[in-house]
Amino acid sequence: MKPAIIPHADHKRILRSRLDEYFPDKSIIPKEIAPIYRKFRDLDLSAVDRIMQPHYSNVGPVPWSPSILLRALLVMIVYKTTTISKWVTDLRVAPILAIICGFDPKHTPGIGTFYDFMSRLWDLPTDNYSQHVKPPQQKKLKKPKKKGQKADSIESETVADLIERLSKASFRIDAEAYATLYKIFRSCFLDQSISCGLVKPEKLRISGDGTPVVTSARFRSHHTCDCWKNGIFDCSCNRYFPQPDCNVGWDSSRDAWYFGYDMYLLTDTEHDLPLFPLLHQASKHDSHGFCETFFRHIAFSPDLKPKQLLLDSAHDSMAMYHLCQREHIQPFIDLNLGNSKKGDDYHGVTLGPDGIPICSAGLKMKSHGNDLQRQYAKFICPKMSKGTCTCESPCSSAKYGRTCSIPMESNIRLYNSPSRESVDWKTTYNSRTSSERCNKRIKNDYLLEDAKHKSTKLWYIRVYLIMMVLHLDAWDNIADT
């Protein structure tokens with residue numbers, strides 16, 4: 001049977017009546033529960049009941065309200081409970097938690113009810129994208145030579161080819177496994193943040209970064225053949241993978257191997273709010289993870305195309321700049337000198353790997369801003385001081401020393417506007433740390449990895465629940481100010 005659509009006003013009325021019935025003296029409510037009550041008291045989830053209508057049959061018993069079950073899962077995240085079985089117990093022993101969720105403390109759902117609801121949030125008949133039985137992984141990552149360095153990409157497709165392929169692809173949100181999750185997130189949380197002015201589509205600045213999600217202590221697979229009986233343990237026969245969408249990746253922050261996913265997240269830099277996540281295999285390089293995530297994001301939310309894009313050096317490639325140029329996005333991408341050619345020159349002027357000219361004394365010339373009218377990047381003598389060249393062996397008879405102007409279109413990767421040496425570029429790029437802060441809140445503050453799920457379905461649901469809570473926290477901050 002289809003679930004009833006509960007208006008938010010009715011939910012608030014029932015909440016108040018049950019609170020008065022079970023807690024006539026409000027002072028006995030535990031202090032650690034009071035903030036949770038305030039956070040969820042005014043949360044309108046009536047749209048969830050409408051979105052979930054197609055996921056229920058026209059016949060059968062009356063189901064639990066989807067809005068109440070989703071609210072219960074959100075309260076579970078805030079209450080820092082990581083398993084459904086523990087949460088069901090918490091609801092039964094703590095009436096105040098049941099009331100906040102919208103339940104009658106005498107009648108709370110069981111474990112199966114929550115798992116059935118989460119299956120309805122997942123628009124795929126299987127719990128994972130991949131099949132459990134498949135060939136063993138062929139390509140393996142190599143450990144980086146330097147500490148803190150990210151592993152090289154093992155992708156067979158270049159970033160340029162990937163961008164070209166994704167540009168021609170047509171993405172439909174209804175065809176994605178997380179379609180219902182995203183619809184709920186967008187209608188009940190992201191749109192509310194937009195209406196509050198926390199996310200501003202007209203001047204959106206987005207940062208992107210990938211972060212490891214550890215799902216298991218070690219890589220696991222089982223032989224489906226009898227080769228091991230003959231002493232062959234490294235055969236190429238199909239194997240059974242308990243977590244088929246995961247593999248082994250390199251965590252540069254911990255300087256260690258891990259098994260799980262690489263979660264690529266697009267974040268609004270103004271208030272560190274998550275916009276769009278995508279889970280990849282752990283071996284996925286950030287440049288490829290960004291492309292997969294970015295194209296889906298602008299396909300599902302064309303009104304949230306960024307005006308500025310902030311990315312670290314793992315994304316530094318000419319293809320990225322051509323993408324930004326085509327989409328009319330201003331890129332702020334840290335330079336990866338390993339991707340630059342050495343010893344290039346421009347009309348007899350030697351250029352360093354970062355595109356900065358080298359003077360005859362072997363010193364880097366100073367950036368002197370950009371001539372935006374003529375589209376030239378300007379450089380002056382490195383010994384320039386107060387408008388005068390102070391070099392002991394000047395290479396120019398001019399009072400202000402040697403100057404150099406290079407067309408910005410000759411290399412849009414090296415010569416961008418504003419220049420990387422400018423205060424404006426550095427100030428804007430500093431906002432990219434919003435990705436680290438958002439990832440830290442998801443993983444550390446709300447214990448993403450503590451859940452230890454074994455399916456992509458449950459990991460996606462947990463990621464989206466935490467993202468919803470982060471928007472709730474931002475609304476609370478506005479109310480407090």
# chains A, B, ... in the order shown; residues from 1 in each chain; ligands from 1
>>> closest_atom_pairs(of="stretch 425-467 of chain A", to="stretch 242-259 of chain A", cutoff="10 Å", atoms="only C-alpha atoms", output="JSON lines")
{"residue": "A:His453", "atom": "CA", "partner": "A:Gln243", "partner_atom": "CA", "distance": 9.4}
{"residue": "A:Lys454", "atom": "CA", "partner": "A:Gln243", "partner_atom": "CA", "distance": 6.0}
{"residue": "A:Ser455", "atom": "CA", "partner": "A:Gln243", "partner_atom": "CA", "distance": 6.4}
{"residue": "A:Thr456", "atom": "CA", "partner": "A:Asp245", "partner_atom": "CA", "distance": 7.0}
>>> select_by_dssp(residues="stretch 356-481 of chain A", states="helix (DSSP H, G or I)", output="number ranges by chain")
A: 408-410, 423-445, 448-451, 456-480
>>> closest_atom_pairs(of="stretch 3-58 of chain A", to="stretch 70-89 of chain A", cutoff="9 Å", atoms="only C-alpha atoms", output="Markdown table")
| residue | atom | partner | partner_atom | distance |
| --- | --- | --- | --- | --- |
| A:Ile33 | CA | A:Tyr79 | CA | 8.6 |
| A:Ile36 | CA | A:Val78 | CA | 7.4 |
| A:Phe40 | CA | A:Arg71 | CA | 8.0 |
| A:Leu43 | CA | A:Arg71 | CA | 8.7 |
| A:Leu45 | CA | A:Arg71 | CA | 7.7 |
| A:Val48 | CA | A:Leu70 | CA | 8.2 |
>>> residues_around(residues="A:Ala177", least_positions_apart="3", cutoff="9 Å", atoms="only C-alpha atoms", output="list in words")
Leu121, Trp122, Asp123, Leu124, Pro125, Tyr129, Ile173, Asp174, Thr180, Leu181 and Lys457 of chain A
>>> write_last_selection(atoms="N, CA, C and O atoms", output="CSV table (one decimal), in the first residue's frame")
chain,number,residue,atom,x,y,z
A,121,LEU,N,15.6,3.1,-1.2
A,121,LEU,CA,16.3,4.3,-1.6
A,121,LEU,C,17.3,4.0,-2.7
A,121,LEU,O,17.9,5.0,-3.2
A,122,TRP,N,17.6,2.8,-3.0
A,122,TRP,CA,18.6,2.4,-4.0
A,122,TRP,C,17.9,1.9,-5.2
A,122,TRP,O,17.2,1.0,-5.3
A,123,ASP,N,18.2,2.6,-6.4
A,123,ASP,CA,17.5,2.3,-7.6
A,123,ASP,C,18.3,1.4,-8.5
A,123,ASP,O,18.6,1.6,-9.7
A,124,LEU,N,18.7,0.2,-7.9
A,124,LEU,CA,19.4,-0.8,-8.6
A,124,LEU,C,19.0,-2.1,-8.0
A,124,LEU,O,18.9,-2.2,-6.8
A,125,PRO,N,18.7,-3.1,-8.9
A,125,PRO,CA,18.3,-4.4,-8.3
A,125,PRO,C,19.3,-5.1,-7.5
A,125,PRO,O,19.0,-6.0,-6.7
A,129,TYR,N,27.5,-2.4,-8.0
A,129,TYR,CA,27.5,-2.2,-9.5
A,129,TYR,C,28.1,-3.4,-10.2
A,129,TYR,O,27.6,-3.8,-11.2
A,173,ILE,N,19.4,11.3,-14.5
A,173,ILE,CA,19.4,11.0,-13.0
A,173,ILE,C,18.6,9.8,-12.7
A,173,ILE,O,18.9,9.0,-11.8
A,174,ASP,N,17.5,9.6,-13.5
A,174,ASP,CA,16.6,8.4,-13.2
A,174,ASP,C,17.4,7.1,-13.5
A,174,ASP,O,16.9,6.0,-13.0
A,180,THR,N,17.2,8.3,-6.3
A,180,THR,CA,16.2,8.7,-5.3
A,180,THR,C,17.0,9.5,-4.1
A,180,THR,O,16.4,10.5,-3.6
A,181,LEU,N,18.1,9.0,-3.8
A,181,LEU,CA,18.9,9.7,-2.7
A,181,LEU,C,19.2,11.1,-3.1
A,181,LEU,O,19.1,12.0,-2.3
A,457,LYS,N,25.6,0.0,-2.0
A,457,LYS,CA,24.3,0.6,-1.6
A,457,LYS,C,24.3,1.2,-0.3
A,457,LYS,O,23.9,2.4,-0.1
>>> residues_around(residues="A:Glu292", least_positions_apart="3", cutoff="9 Å", atoms="only C-alpha atoms", output="PyMOL selection string")
chain A and resi 162-163+166+278+287-289+295-297
>>> residues_around(residues="A:Tyr37", least_positions_apart="2", cutoff="9 Å", atoms="only C-alpha atoms", output="PyMOL selection string")
chain A and resi 33-35+39-41+96-97+100
>>> residues_around(residues="A:Arg13", least_positions_apart="5", cutoff="12 Å", atoms="only C-alpha atoms", output="CSV table (one decimal) with all heavy atoms, in the first residue's frame")
chain,number,residue,atom,x,y,z
A,6,ILE,N,2.5,12.9,5.0
A,6,ILE,CA,2.3,13.6,6.3
A,6,ILE,C,2.7,15.0,6.1
A,6,ILE,O,3.9,15.3,6.0
A,6,ILE,CB,3.0,12.9,7.4
A,6,ILE,CG1,2.6,11.4,7.5
A,6,ILE,CG2,2.8,13.6,8.7
A,6,ILE,CD1,3.4,10.7,8.6
A,7,PRO,N,1.8,16.0,6.2
A,7,PRO,CA,2.2,17.4,6.2
A,7,PRO,C,3.1,17.7,7.4
A,7,PRO,O,3.0,17.1,8.4
A,7,PRO,CB,0.8,18.1,6.2
A,7,PRO,CG,-0.2,17.2,5.8
A,7,PRO,CD,0.3,15.8,6.3
A,8,HIS,N,4.0,18.7,7.1
A,8,HIS,CA,4.9,19.0,8.2
A,8,HIS,C,4.2,19.6,9.4
A,8,HIS,O,4.6,19.3,10.6
A,8,HIS,CB,5.9,20.0,7.7
A,8,HIS,CG,7.0,20.4,8.6
A,8,HIS,ND1,7.8,19.4,9.3
A,8,HIS,CD2,7.4,21.6,9.2
A,8,HIS,CE1,8.6,20.0,10.1
A,8,HIS,NE2,8.4,21.3,10.0
A,18,ARG,N,3.3,14.3,21.9
A,18,ARG,CA,4.0,13.1,22.5
A,18,ARG,C,5.0,13.6,23.5
A,18,ARG,O,5.2,13.0,24.5
A,18,ARG,CB,4.6,12.3,21.4
A,18,ARG,CG,3.6,11.4,20.6
A,18,ARG,CD,4.3,10.7,19.5
A,18,ARG,NE,3.3,9.8,18.7
A,18,ARG,CZ,3.5,9.3,17.5
A,18,ARG,NH1,4.7,9.6,16.9
A,18,ARG,NH2,2.6,8.6,17.0
A,19,LEU,N,5.6,14.7,23.2
A,19,LEU,CA,6.6,15.3,24.1
A,19,LEU,C,5.9,15.7,25.4
A,19,LEU,O,6.5,15.4,26.5
A,19,LEU,CB,7.3,16.4,23.5
A,19,LEU,CG,8.7,16.9,24.1
A,19,LEU,CD1,9.7,15.8,23.9
A,19,LEU,CD2,9.2,18.1,23.4
A,20,ASP,N,4.7,16.3,25.3
A,20,ASP,CA,4.0,16.7,26.5
A,20,ASP,C,3.5,15.4,27.3
A,20,ASP,O,3.5,15.5,28.5
A,20,ASP,CB,2.8,17.5,26.1
A,20,ASP,CG,3.2,18.9,25.6
A,20,ASP,OD1,4.4,19.3,25.9
A,20,ASP,OD2,2.4,19.5,24.9
A,41,ARG,N,13.4,19.5,15.0
A,41,ARG,CA,12.1,20.0,15.3
A,41,ARG,C,11.4,20.6,14.1
A,41,ARG,O,10.3,20.4,13.8
A,41,ARG,CB,12.1,21.0,16.4
A,41,ARG,CG,10.8,21.6,16.8
A,41,ARG,CD,11.0,22.7,17.9
A,41,ARG,NE,12.1,23.6,17.5
A,41,ARG,CZ,12.7,24.4,18.4
A,41,ARG,NH1,12.4,24.4,19.7
A,41,ARG,NH2,13.6,25.3,17.9
A,42,ASP,N,12.2,21.5,13.3
A,42,ASP,CA,11.6,22.2,12.2
A,42,ASP,C,12.0,21.6,10.9
A,42,ASP,O,11.8,22.3,9.8
A,42,ASP,CB,12.0,23.7,12.3
A,42,ASP,CG,11.5,24.3,13.6
A,42,ASP,OD1,10.4,24.0,14.0
A,42,ASP,OD2,12.3,25.1,14.2
A,99,ILE,N,10.6,9.8,19.9
A,99,ILE,CA,9.7,10.9,19.7
A,99,ILE,C,10.3,11.9,18.7
A,99,ILE,O,9.6,12.4,17.8
A,99,ILE,CB,9.4,11.6,21.1
A,99,ILE,CG1,8.6,10.7,22.0
A,99,ILE,CG2,8.7,13.0,20.9
A,99,ILE,CD1,8.4,11.3,23.4
A,102,GLY,N,9.7,10.7,15.3
A,102,GLY,CA,8.3,10.7,14.9
A,102,GLY,C,7.6,9.5,15.2
A,102,GLY,O,6.5,9.2,14.8
>>> residues_around(residues="A:Cys438", least_positions_apart="5", cutoff="10 Å", atoms="only C-alpha atoms", output="VMD selection string")
chain A and resid 265 to 269 271 to 274 433 443 to 445 467 470
>>> closest_residue(among="A:Leu69, A:Asn477, A:Ala217, A:Pro302", to="A:Phe117", atoms="only C-alpha atoms")
A:Leu69
>>> closest_residue(among="A:Gly60, A:Gly352, A:Pro331, A:Gly362", to="A:Ser419", atoms="only C-alpha atoms")
A:Pro331
>>> select_by_dssp(residues="stretch 29-218 of chain A", states="strand (DSSP E)", output="list in words")
Val133, Lys134, Arg205, Ile206, Ser207, Gly208, Asp209, Gly210, Thr211, Pro212, Val213, Val214, Thr215 and Ser216 of chain A
>>> atom_distance(atom1="atom CA of A:Ser434", atom2="atom CA of A:Leu311")
11.0 Å
>>> atom_distance(atom1="atom CA of A:Pro61", atom2="atom CA of A:Met1")
5.8 Å
>>> decode(residues="stretch 222-259 of chain A", atoms="N, CA, C and O atoms", output="JSON list (two decimals), in the first residue's frame")
[["chain", "number", "residue", "atom", "x", "y", "z"],
["A", 222, "HIS", "N", 37.99, -15.02, -3.08],
["A", 222, "HIS", "CA", 38.02, -16.47, -2.96],
["A", 222, "HIS", "C", 38.09, -17.11, -4.34],
["A", 222, "HIS", "O", 37.47, -16.65, -5.29],
["A", 223, "HIS", "N", 38.86, -18.18, -4.43],
["A", 223, "HIS", "CA", 38.96, -18.92, -5.69],
["A", 223, "HIS", "C", 37.63, -19.59, -5.99],
["A", 223, "HIS", "O", 36.95, -20.11, -5.11],
["A", 224, "THR", "N", 37.25, -19.58, -7.27],
["A", 224, "THR", "CA", 36.06, -20.31, -7.71],
["A", 224, "THR", "C", 36.45, -21.55, -8.51],
["A", 224, "THR", "O", 35.58, -22.24, -9.05],
["A", 225, "CYS", "N", 37.77, -21.82, -8.58],
["A", 225, "CYS", "CA", 38.28, -22.97, -9.33],
["A", 225, "CYS", "C", 39.01, -23.92, -8.37],
["A", 225, "CYS", "O", 39.12, -23.66, -7.17],
["A", 226, "ASP", "N", 39.52, -25.00, -8.92],
["A", 226, "ASP", "CA", 40.27, -25.99, -8.13],
["A", 226, "ASP", "C", 41.77, -25.94, -8.41],
["A", 226, "ASP", "O", 42.49, -26.90, -8.11],
["A", 227, "CYS", "N", 42.23, -24.83, -8.99],
["A", 227, "CYS", "CA", 43.66, -24.74, -9.33],
["A", 227, "CYS", "C", 44.54, -24.85, -8.09],
["A", 227, "CYS", "O", 45.66, -25.37, -8.15],
["A", 228, "TRP", "N", 44.03, -24.38, -6.96],
["A", 228, "TRP", "CA", 44.83, -24.39, -5.74],
["A", 228, "TRP", "C", 45.15, -25.82, -5.30],
["A", 228, "TRP", "O", 46.16, -26.07, -4.64],
["A", 229, "LYS", "N", 44.30, -26.77, -5.68],
["A", 229, "LYS", "CA", 44.57, -28.15, -5.31],
["A", 229, "LYS", "C", 45.80, -28.70, -6.04],
["A", 229, "LYS", "O", 46.45, -29.64, -5.57],
["A", 230, "ASN", "N", 46.10, -28.10, -7.19],
["A", 230, "ASN", "CA", 47.27, -28.51, -7.96],
["A", 230, "ASN", "C", 48.48, -27.63, -7.69],
["A", 230, "ASN", "O", 49.46, -27.67, -8.43],
["A", 231, "GLY", "N", 48.40, -26.82, -6.64],
["A", 231, "GLY", "CA", 49.51, -25.96, -6.27],
["A", 231, "GLY", "C", 49.60, -24.67, -7.04],
["A", 231, "GLY", "O", 50.61, -23.95, -6.95],
["A", 232, "ILE", "N", 48.56, -24.31, -7.80],
["A", 232, "ILE", "CA", 48.55, -23.05, -8.56],
["A", 232, "ILE", "C", 47.69, -22.05, -7.80],
["A", 232, "ILE", "O", 46.47, -22.19, -7.73],
["A", 233, "PHE", "N", 48.34, -21.03, -7.24],
["A", 233, "PHE", "CA", 47.61, -20.07, -6.41],
["A", 233, "PHE", "C", 47.46, -18.70, -7.08],
["A", 233, "PHE", "O", 46.76, -17.84, -6.58],
["A", 234, "ASP", "N", 48.15, -18.49, -8.21],
["A", 234, "ASP", "CA", 48.08, -17.20, -8.89],
["A", 234, "ASP", "C", 47.45, -17.34, -10.27],
["A", 234, "ASP", "O", 47.87, -16.71, -11.24],
["A", 235, "CYS", "N", 46.45, -18.22, -10.39],
["A", 235, "CYS", "CA", 45.80, -18.45, -11.68],
["A", 235, "CYS", "C", 44.95, -17.22, -12.05],
["A", 235, "CYS", "O", 44.66, -16.35, -11.23],
["A", 236, "SER", "N", 44.55, -17.19, -13.32],
["A", 236, "SER", "CA", 43.75, -16.07, -13.83],
["A", 236, "SER", "C", 42.26, -16.41, -13.90],
["A", 236, "SER", "O", 41.49, -15.71, -14.57],
["A", 237, "CYS", "N", 41.85, -17.46, -13.21],
["A", 237, "CYS", "CA", 40.43, -17.85, -13.20],
["A", 237, "CYS", "C", 39.60, -16.83, -12.40],
["A", 237, "CYS", "O", 40.14, -16.08, -11.57],
["A", 238, "ASN", "N", 38.31, -16.82, -12.66],
["A", 238, "ASN", "CA", 37.41, -15.91, -11.95],
["A", 238, "ASN", "C", 37.47, -16.18, -10.45],
["A", 238, "ASN", "O", 37.67, -17.30, -10.00],
["A", 239, "ARG", "N", 37.27, -15.12, -9.69],
["A", 239, "ARG", "CA", 37.24, -15.21, -8.23],
["A", 239, "ARG", "C", 35.99, -14.54, -7.69],
["A", 239, "ARG", "O", 35.36, -13.71, -8.36],
["A", 240, "TYR", "N", 35.66, -14.90, -6.46],
["A", 240, "TYR", "CA", 34.51, -14.31, -5.79],
["A", 240, "TYR", "C", 35.00, -13.18, -4.88],
["A", 240, "TYR", "O", 35.84, -13.39, -4.00],
["A", 241, "PHE", "N", 34.47, -11.97, -5.12],
["A", 241, "PHE", "CA", 34.86, -10.79, -4.34],
["A", 241, "PHE", "C", 33.69, -10.38, -3.45],
["A", 241, "PHE", "O", 32.62, -10.00, -3.95],
["A", 242, "PRO", "N", 33.84, -10.44, -2.12],
["A", 242, "PRO", "CA", 32.76, -10.01, -1.22],
["A", 242, "PRO", "C", 32.36, -8.55, -1.42],
["A", 242, "PRO", "O", 31.21, -8.18, -1.26],
["A", 243, "GLN", "N", 33.35, -7.69, -1.76],
["A", 243, "GLN", "CA", 33.08, -6.28, -2.04],
["A", 243, "GLN", "C", 33.57, -5.99, -3.46],
["A", 243, "GLN", "O", 34.69, -5.48, -3.66],
["A", 244, "PRO", "N", 32.76, -6.28, -4.46],
["A", 244, "PRO", "CA", 33.23, -6.24, -5.85],
["A", 244, "PRO", "C", 33.54, -4.86, -6.40],
["A", 244, "PRO", "O", 34.28, -4.73, -7.38],
["A", 245, "ASP", "N", 32.98, -3.79, -5.80],
["A", 245, "ASP", "CA", 33.23, -2.44, -6.30],
["A", 245, "ASP", "C", 34.46, -1.80, -5.67],
["A", 245, "ASP", "O", 34.79, -0.65, -6.01],
["A", 246, "CYS", "N", 35.11, -2.51, -4.77],
["A", 246, "CYS", "CA", 36.29, -1.98, -4.08],
["A", 246, "CYS", "C", 37.56, -2.61, -4.63],
["A", 246, "CYS", "O", 37.54, -3.69, -5.20],
["A", 247, "ASN", "N", 38.68, -1.94, -4.42],
["A", 247, "ASN", "CA", 39.98, -2.54, -4.68],
["A", 247, "ASN", "C", 41.03, -1.84, -3.82],
["A", 247, "ASN", "O", 40.70, -1.07, -2.91],
["A", 248, "VAL", "N", 42.30, -2.10, -4.08],
["A", 248, "VAL", "CA", 43.38, -1.57, -3.27],
["A", 248, "VAL", "C", 43.86, -0.24, -3.83],
["A", 248, "VAL", "O", 44.05, -0.10, -5.04],
["A", 249, "GLY", "N", 44.03, 0.75, -2.96],
["A", 249, "GLY", "CA", 44.54, 2.05, -3.36],
["A", 249, "GLY", "C", 45.60, 2.54, -2.41],
["A", 249, "GLY", "O", 45.87, 1.93, -1.37],
["A", 250, "TRP", "N", 46.21, 3.67, -2.77],
["A", 250, "TRP", "CA", 47.27, 4.25, -1.96],
["A", 250, "TRP", "C", 46.76, 5.50, -1.27],
["A", 250, "TRP", "O", 46.26, 6.42, -1.92],
["A", 251, "ASP", "N", 46.87, 5.52, 0.06],
["A", 251, "ASP", "CA", 46.47, 6.68, 0.85],
["A", 251, "ASP", "C", 47.70, 7.53, 1.11],
["A", 251, "ASP", "O", 48.55, 7.17, 1.94],
["A", 252, "SER", "N", 47.83, 8.64, 0.40],
["A", 252, "SER", "CA", 49.03, 9.48, 0.52],
["A", 252, "SER", "C", 49.10, 10.19, 1.86],
["A", 252, "SER", "O", 50.20, 10.51, 2.33],
["A", 253, "SER", "N", 47.95, 10.44, 2.51],
["A", 253, "SER", "CA", 47.99, 11.13, 3.81],
["A", 253, "SER", "C", 48.49, 10.21, 4.91],
["A", 253, "SER", "O", 49.22, 10.64, 5.80],
["A", 254, "ARG", "N", 48.09, 8.93, 4.87],
["A", 254, "ARG", "CA", 48.56, 7.97, 5.86],
["A", 254, "ARG", "C", 49.82, 7.23, 5.40],
["A", 254, "ARG", "O", 50.41, 6.48, 6.17],
["A", 255, "ASP", "N", 50.18, 7.44, 4.13],
["A", 255, "ASP", "CA", 51.34, 6.77, 3.55],
["A", 255, "ASP", "C", 51.22, 5.26, 3.69],
["A", 255, "ASP", "O", 52.13, 4.58, 4.18],
["A", 256, "ALA", "N", 50.07, 4.74, 3.26],
["A", 256, "ALA", "CA", 49.82, 3.30, 3.43],
["A", 256, "ALA", "C", 48.81, 2.83, 2.39],
["A", 256, "ALA", "O", 48.04, 3.63, 1.84],
["A", 257, "TRP", "N", 48.82, 1.51, 2.13],
["A", 257, "TRP", "CA", 47.82, 0.91, 1.26],
["A", 257, "TRP", "C", 46.51, 0.76, 2.03],
["A", 257, "TRP", "O", 46.52, 0.62, 3.26],
["A", 258, "TYR", "N", 45.39, 0.76, 1.31],
["A", 258, "TYR", "CA", 44.09, 0.53, 1.94],
["A", 258, "TYR", "C", 43.17, -0.16, 0.95],
["A", 258, "TYR", "O", 43.40, -0.13, -0.27],
["A", 259, "PHE", "N", 42.12, -0.77, 1.46],
["A", 259, "PHE", "CA", 41.13, -1.44, 0.61],
["A", 259, "PHE", "C", 39.79, -0.74, 0.80],
["A", 259, "PHE", "O", 39.33, -0.55, 1.92]]
